[in-house]
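Peer 1: Following this message is one structure expressed as structure tokens.
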Amino acid sequence: MPARCCRQKAEWAYSELKALILYAHYSGFDPLSLPGSIYGAIGLCQFMPTSALTYGVDADNDGRIDLFVKTDALYSIANYLREHGWSCQMDRASQHKAVYTYNHSNVYVNTVLAVADKLKAKPRKK
């Protein structure tokens, strides 16, 4: 069992490394200069590199997907959530399910949804 687990983790890490190199290449970054979490997540939305390649959006039309730029990061996370079932008129359980695909932690999902509720309730400046 430990050998199989180790092999699975190594394969996962290798695929993320390849995706990071591709993401950096397509977006014109030096892969060694990209800051990331201890697990390899990058950008404001903390995408894993495979997710950055799949769901990243060049929202500001500057020719690259820069997950450290607010516009690209927000459009990218919206793209991810939409592709995982998010829609404007959905119940709380469906919202939970969509966010859970991003981070498999109920505490994380509940926190994100609670912050979203607070932001919705906050009066907007005119």
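So you can find residues: chains in the structure tokens are A, B, ... in the order shown, residues in each start at 1, and ligands are numbered from 1 in order.
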Would you list the contacts of stretch 12-20 of chain A as JSON, numbers by chain, taking every protein, DNA or RNA residue within 10 Å and counting only C-alpha atoms, but skipping same-chain residues closer than 4 positions in sequence?

Peer 2: {"A": [6, 7, 8, 24, 25, 26, 31, 32, 34, 39, 40, 41, 42, 48, 49, 50, 51, 52, 53, 54]}

Peer 1: I need the residues from that last selection saved to file as a compact mmCIF listing (two decimals), in the first residue's frame (with C-alpha atoms), if you can.

Peer 2:
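Wrote again_7.txt, looks like this:
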```txt
# COMPACT_ATOMS: atom_id res chain seq x y z
CA CYS A 6 3.94 7.03 -3.07
CA ARG A 7 3.71 6.27 -6.80
CA GLN A 8 0.31 8.02 -7.04
CA ALA A 24 4.58 29.47 -17.60
CA HIS A 25 5.56 28.91 -21.22
CA TYR A 26 2.14 29.88 -22.64
CA PRO A 31 8.47 29.03 -14.00
CA LEU A 32 11.11 29.48 -11.30
CA LEU A 34 6.23 32.06 -9.93
CA TYR A 39 1.41 22.42 -2.41
CA GLY A 40 2.09 24.21 -5.71
CA ALA A 41 -1.04 26.36 -5.98
CA ILE A 42 -0.49 29.63 -7.84
CA MET A 48 -3.14 24.05 -9.12
CA PRO A 49 -1.23 24.30 -12.42
CA THR A 50 -3.45 21.71 -14.15
CA SER A 51 -6.49 23.84 -13.26
CA ALA A 52 -4.70 26.98 -14.45
CA LEU A 53 -4.18 25.35 -17.85
CA THR A 54 -7.75 24.08 -18.07
```

Peer 1: Could you give me, as a ChimeraX atom specification, the residues within 9 Å of A:Asp60, counting only C-alpha atoms and dropping anything in the same chain fewer than 4 positions from it?

Peer 2: /A:64-65,69,71-72

Peer 1: Kindly save the residues from that selection, with N, CA and C atoms included, as an mmCIF file, in the first residue's frame.

Peer 2:
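Wrote selection_11.cif, looks like this:
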```
data_model
loop_
_atom_site.group_PDB
_atom_site.id
_atom_site.type_symbol
_atom_site.label_atom_id
_atom_site.label_comp_id
_atom_site.auth_asym_id
_atom_site.auth_seq_id
_atom_site.Cartn_x
_atom_site.Cartn_y
_atom_site.Cartn_z
ATOM 1 N N ARG A 64 -1.922 36.850 -22.242
ATOM 2 C CA ARG A 64 -1.475 35.807 -21.317
ATOM 3 C C ARG A 64 -2.451 35.694 -20.156
ATOM 4 N N ILE A 65 -2.481 34.510 -19.587
ATOM 5 C CA ILE A 65 -3.308 34.259 -18.411
ATOM 6 C C ILE A 65 -2.420 34.489 -17.202
ATOM 7 N N VAL A 69 -3.129 38.640 -11.548
ATOM 8 C CA VAL A 69 -3.864 39.857 -11.909
ATOM 9 C C VAL A 69 -5.333 39.606 -11.603
ATOM 10 N N THR A 71 -8.275 40.642 -12.621
ATOM 11 C CA THR A 71 -9.251 40.357 -13.677
ATOM 12 C C THR A 71 -9.129 38.919 -14.178
ATOM 13 N N ASP A 72 -7.924 38.498 -14.515
ATOM 14 C CA ASP A 72 -7.727 37.124 -14.988
ATOM 15 C C ASP A 72 -8.087 36.113 -13.899
#
```

Peer 1: Per residue of stretch 50-97 of chain A within 9 Å of stretch 104-116 of chain A, which atom pair is closest and at what distance in Å (one decimal), using only C-alpha atoms, listed by chain and increasing number, as JSON lines?

Peer 2:
```
{"residue": "A:Arg92", "atom": "CA", "partner": "A:Leu113", "partner_atom": "CA", "distance": 8.7}
{"residue": "A:Gln95", "atom": "CA", "partner": "A:Leu113", "partner_atom": "CA", "distance": 8.0}
{"residue": "A:His96", "atom": "CA", "partner": "A:Val109", "partner_atom": "CA", "distance": 6.3}
{"residue": "A:Lys97", "atom": "CA", "partner": "A:Val109", "partner_atom": "CA", "distance": 8.7}
```

Peer 1: Using the chain letters and numbers from this document, which residues of chain A does DSSP assign to helix (DSSP H, G or I), as JSON, numbers by chain?

Peer 2: {"A": [2, 3, 4, 5, 6, 7, 8, 9, 10, 11, 12, 13, 14, 15, 16, 17, 18, 19, 20, 21, 22, 23, 24, 25, 26, 27, 31, 32, 33, 49, 50, 51, 52, 53, 54, 55, 70, 71, 72, 73, 74, 75, 76, 77, 78, 79, 80, 81, 82, 83, 92, 93, 94, 95, 96, 97, 98, 99, 100, 101, 102, 106, 107, 108, 109, 110, 111, 112, 113, 114, 115, 116, 117, 118, 119, 120, 121]}

Peer 1: Just how far from atom CA of A:Ile77 is atom CA of A:Ala98, in Å to one decimal?

Peer 2: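 Pair atom CA of A:Ala98 / atom CA of A:Ile77 returns 11.4 Å.
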
Peer 1: Record the distance separating atom CA of A:Gly43 and atom CA of A:Leu81, expressed in Å with one decimal.

Peer 2: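 So the answer is 16.2 Å.
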
Peer 1: Contacts of A:Cys45 at 9 Å or less, counting only C-alpha atoms, minus same-chain residues fewer than 4 places along, as a ChimeraX atom specification?

Peer 2: /A:41,67-68,73-74,76-77

Peer 1: Dump N, CA, C and O atoms for the selected residues as a compact mmCIF listing (two decimals), in the first residue's frame?

Peer 2:
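Ended up saving to result10.txt:
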```txt
# COMPACT_ATOMS: atom_id res chain seq x y z
N ALA A 41 0.05 25.52 -5.48
CA ALA A 41 -1.04 26.36 -5.98
C ALA A 41 -0.49 27.75 -6.30
O ALA A 41 0.37 28.27 -5.59
N LEU A 67 -2.64 34.73 -13.41
CA LEU A 67 -3.48 34.48 -12.24
C LEU A 67 -3.12 35.35 -11.04
O LEU A 67 -3.74 35.25 -9.99
N PHE A 68 -2.12 36.21 -11.21
CA PHE A 68 -1.76 37.17 -10.18
C PHE A 68 -2.39 38.54 -10.46
O PHE A 68 -2.19 39.48 -9.69
N ALA A 73 -7.70 36.39 -12.67
CA ALA A 73 -7.98 35.46 -11.57
C ALA A 73 -9.48 35.30 -11.34
O ALA A 73 -9.98 34.18 -11.20
N LEU A 74 -10.22 36.41 -11.32
CA LEU A 74 -11.66 36.33 -11.07
C LEU A 74 -12.40 35.63 -12.20
O LEU A 74 -13.27 34.78 -11.95
N SER A 76 -11.12 33.46 -14.18
CA SER A 76 -10.69 32.07 -14.17
C SER A 76 -11.43 31.26 -13.11
O SER A 76 -11.89 30.14 -13.39
N ILE A 77 -11.58 31.80 -11.92
CA ILE A 77 -12.31 31.05 -10.88
C ILE A 77 -13.79 30.96 -11.24
O ILE A 77 -14.43 29.93 -11.00
```

Peer 1: Record the distance separating atom CA of A:Asp58 and atom CA of A:Asn79, expressed in Å with one decimal.

Peer 2: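 Distance reported for this atom pair: 11.1 Å.
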